[in-house]
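Q: mmCIF, C-alpha atoms, saved as work_20.cif, coming up:
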data_input
loop_
_atom_site.label_atom_id
_atom_site.label_comp_id
_atom_site.auth_asym_id
_atom_site.auth_seq_id
_atom_site.Cartn_x
_atom_site.Cartn_y
_atom_site.Cartn_z
CA MET A 1 242.38 74.09 83.32
CA SER A 2 242.77 75.03 79.71
CA GLU A 3 245.36 73.07 77.84
CA LYS A 4 247.76 74.95 75.63
CA LYS A 5 246.95 74.46 72.00
CA MET A 6 249.62 74.21 69.33
CA SER A 7 249.72 76.89 66.72
CA SER A 8 248.91 75.83 63.17
CA SER A 9 252.43 76.69 61.96
CA ARG A 10 253.92 74.42 64.66
CA LYS A 11 251.51 71.60 63.70
CA HIS A 12 252.41 72.02 60.02
CA HIS A 13 256.14 71.97 60.81
CA LEU A 14 255.83 68.76 62.92
CA LYS A 15 253.71 67.11 60.26
CA SER A 16 256.24 67.89 57.53
CA LEU A 17 259.08 66.56 59.75
CA MET A 18 257.19 63.30 60.36
CA LEU A 19 256.48 62.90 56.66
CA SER A 20 260.12 63.50 55.69
CA ILE A 21 261.32 60.93 58.29
CA ALA A 22 258.75 58.40 57.05
CA LYS A 23 259.81 59.01 53.45
CA GLY A 24 263.46 58.40 54.35
CA LEU A 25 262.55 55.16 56.17
CA LEU A 26 260.54 53.90 53.19
CA GLU A 27 263.39 54.63 50.76
CA GLU A 28 265.86 52.84 53.04
CA GLU A 29 263.55 49.84 53.30
CA GLU A 30 263.22 49.67 49.50
CA ARG A 31 267.01 49.79 49.13
CA GLU A 32 267.43 46.94 51.64
CA GLN A 33 264.85 44.81 49.81
CA GLU A 34 266.61 45.41 46.49
CA GLU A 35 269.97 44.43 48.02
CA GLU A 36 268.45 41.26 49.50
CA ARG A 37 266.91 40.41 46.12
CA THR A 38 270.22 40.83 44.26
CA ALA A 39 272.10 38.79 46.90
CA TYR A 40 269.52 35.98 46.68
CA MET A 41 269.68 35.97 42.88
CA ALA A 42 273.49 35.89 42.95
CA ASP A 43 273.46 32.91 45.34
CA ASN A 44 270.74 30.84 43.69
CA CYS A 45 271.09 31.86 40.04
CA PRO A 46 274.68 31.91 38.80
CA PRO A 47 275.29 33.88 35.60
CA LEU A 48 274.21 31.99 32.53
CA SER A 49 276.95 30.80 30.24
CA MET A 50 275.64 29.66 26.89
CA PRO A 51 277.12 26.31 25.96
CA ARG A 52 278.70 25.84 22.57
CA SER A 53 277.91 22.16 21.94
CA MET A 54 274.63 20.25 21.91
CA GLN A 55 275.67 17.98 24.79
CA GLU A 56 276.46 20.96 27.05
CA LEU A 57 273.07 22.47 26.16
CA GLN A 58 271.29 19.23 27.10
CA GLU A 59 273.19 19.10 30.40
CA LEU A 60 272.13 22.71 31.13
CA CYS A 61 268.49 21.79 30.42
CA ARG A 62 268.71 18.82 32.83
CA GLU A 63 270.12 21.05 35.56
CA ILE A 64 267.38 23.63 35.02
CA HIS A 65 264.68 20.91 35.12
CA HIS A 66 266.14 19.52 38.33
CA LYS A 67 266.16 22.99 39.94
CA ILE A 68 262.55 23.55 38.83
CA ASP A 69 261.53 20.25 40.45
CA VAL A 70 263.24 21.19 43.73
CA ILE A 71 261.60 24.62 43.75
CA ASP A 72 258.17 23.09 43.00
CA GLU A 73 258.56 20.71 45.95
CA GLU A 74 259.45 23.61 48.24
CA ARG A 75 256.50 25.65 46.95
CA TYR A 76 254.13 22.70 47.50
CA ASN A 77 255.42 22.14 51.03
CA LEU A 78 255.06 25.82 51.90
CA GLU A 79 251.57 25.90 50.42
CA MET A 80 250.52 22.89 52.51
CA LYS A 81 251.95 24.50 55.66
CA VAL A 82 250.02 27.70 54.95
CA ASN A 83 246.78 25.76 54.34
CA LYS A 84 247.27 23.76 57.54
CA SER A 85 247.94 26.88 59.62
CA ASN A 86 244.90 28.64 58.08
CA LYS A 87 242.72 25.67 59.03
CA GLU A 88 244.11 25.70 62.58
CA ILE A 89 243.39 29.43 62.81
CA ASP A 90 239.80 28.88 61.68
CA ASP A 91 239.35 26.05 64.21
CA LEU A 92 240.72 28.23 67.00
CA LYS A 93 238.40 31.08 66.00
CA ILE A 94 235.44 28.70 66.22
CA LYS A 95 236.61 27.47 69.64
CA VAL A 96 236.95 31.04 70.90
CA GLN A 97 233.48 31.86 69.61
CA ASP A 98 232.10 28.76 71.37
CA LEU A 99 233.78 29.73 74.62
CA VAL A 100 232.42 33.27 74.47
CA GLY A 101 228.98 31.87 73.71
CA LYS A 102 227.61 35.01 72.13
CA PHE A 103 226.32 34.43 68.64
CA LYS A 104 224.74 37.12 66.58
CA LYS A 105 221.55 35.86 65.07
CA PRO A 106 221.05 37.51 61.69
CA VAL A 107 217.76 39.23 61.07
CA LEU A 108 216.01 37.37 58.30
CA LYS A 109 213.65 39.07 55.91
CA LYS A 110 210.26 37.54 55.28
CA VAL A 111 210.00 36.49 51.67
CA ARG A 112 206.83 35.30 50.03
CA MET A 113 207.69 32.58 47.58
CA SER A 114 205.63 29.94 45.93
CA ALA A 115 206.74 26.36 46.21
CA ASP A 116 207.66 26.34 42.51
CA ALA A 117 209.88 29.39 42.90
CA MET A 118 211.52 27.92 46.00
CA LEU A 119 212.33 24.64 44.27
CA LYS A 120 213.59 26.53 41.24
CA ALA A 121 215.90 28.57 43.48
CA LEU A 122 217.16 25.46 45.28
CA LEU A 123 217.55 23.18 42.29
CA GLY A 124 218.54 25.81 39.75
CA SER A 125 216.99 26.86 36.50
CA LYS A 126 217.76 23.50 34.87
CA HIS A 127 215.07 21.70 36.84
CA THR A 128 211.62 23.01 36.12
CA VAL A 129 209.43 21.43 38.73
CA ASN A 130 205.73 22.06 38.62
CA LEU A 131 203.97 21.56 41.89
CA ASP A 132 200.39 21.26 40.70
CA LEU A 133 199.31 18.85 43.39
CA ARG A 134 195.68 18.75 42.35
CA ALA A 135 196.62 17.41 38.92
CA ASN A 136 198.16 14.34 40.52
CA LEU A 137 195.12 13.53 42.66
CA LYS A 138 192.91 10.61 41.83
CA GLN A 139 189.41 11.50 40.66
CA VAL A 140 186.83 9.79 42.88
CA LYS A 141 183.12 9.81 42.22
CA LYS A 142 181.12 10.16 45.37
CA GLU A 143 178.33 7.64 45.84
CA VAL A 144 175.34 9.20 47.47
CA LYS A 145 173.68 6.81 49.89
CA GLU A 146 169.94 7.01 50.31
CA GLU A 147 170.25 7.33 54.09
CA ASP A 148 172.50 10.34 53.73
CA LYS A 149 170.02 11.82 51.28
CA GLU A 150 167.17 11.39 53.75
CA LEU A 151 169.23 12.93 56.54
CA ARG A 152 170.00 15.91 54.35
CA ASP A 153 166.37 16.28 53.33
CA VAL A 154 165.21 16.30 56.95
CA GLY A 155 166.70 19.76 57.35
CA ASP A 156 165.67 21.72 60.44
CA TRP A 157 164.38 19.42 63.24
CA ARG A 158 161.92 22.04 64.50
CA LYS A 159 160.21 22.17 61.14
CA ASN A 160 160.05 18.39 61.04
CA ILE A 161 158.38 18.21 64.47
CA GLU A 162 155.85 20.90 63.56
CA ASP A 163 154.91 18.96 60.43
CA LYS A 164 154.35 15.75 62.41
CA SER A 165 152.40 17.38 65.23
CA GLY A 166 148.60 17.31 65.18
CA MET A 167 146.36 15.19 62.98
CA ASP A 168 147.86 16.40 59.74
CA GLY A 169 151.27 15.17 60.77
CA ARG A 170 150.01 11.75 61.83
CA LYS A 171 148.09 11.44 58.59
CA LYS A 172 151.30 12.17 56.65
CA MET A 173 153.21 9.56 58.68
CA PHE A 174 150.61 6.87 57.89
CA GLU A 175 150.50 7.81 54.25
CA ALA A 176 154.27 7.68 54.03
CA GLU A 177 154.38 4.17 55.56
CA ALA A 178 151.69 2.83 53.33
#
How would this structure read if it were set down as structure tokens?
A:
Amino acid sequence: MSEKKMSSSRKHHLKSLMLSIAKGLLEEEEREQEEERTAYMADNCPPLSMPRSMQELQELCREIHHKIDVIDEERYNLEMKVNKSNKEIDDLKIKVQDLVGKFKKPVLKKVRMSADAMLKALLGSKHTVNLDLRANLKQVKKEVKEEDKELRDVGDWRKNIEDKSGMDGRKKMFEAEA
């Protein structure tokens, strides 16, 4: 039922053993890297012997330039391979995401922005665009037709009927026509 627990001294002892082993492995790995580095430098970079004459010095410069060109080509090729593999990895990630079909839709915050501020944000601070649409509108004077005026003056139809009812209303109609 109850599992035996390790004593704190035992835990401390095991932890110190693990750390000492890890430290030894790291030191060994550093030594191996240093040996590899010195072996590579010995193979690819022979000891430099300073030439005595001008012609020997020029020949040494040509050799160094040639080696630099070769190394640059290798670096460029490796860089292109890395870029190509990174692009393939990105494409495969997109394919996997498409196959899974679960996309997280980010929660967008509602932002109140005027049209001017939005255009300024999109186009940058260089472009100051003023969206005063009313300034660009054409001014049109409205012609008031007499018929429209009469229709407006009529007002409430009940009032109009009451005015025309009875003798007073008929009298007004005849006076208006005459």
Q: Would you work out the distance separating CA of Leu60 (chain A) from CA of Leu48 (chain A), expressed in Å to one decimal?
A: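 CA of Leu60 (chain A) sits 9.6 Å away from CA of Leu48 (chain A).
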Q: Find the distance between CA of Met18 (chain A) and CA of Met6 (chain A) and write it in Å to one decimal.
A: 16.0 Å
Q: Could you tell me how far CA of Leu57 (chain A) lies from CA of Cys45 (chain A), in Å and to one decimal?
A: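 A separation of 16.9 Å between them.
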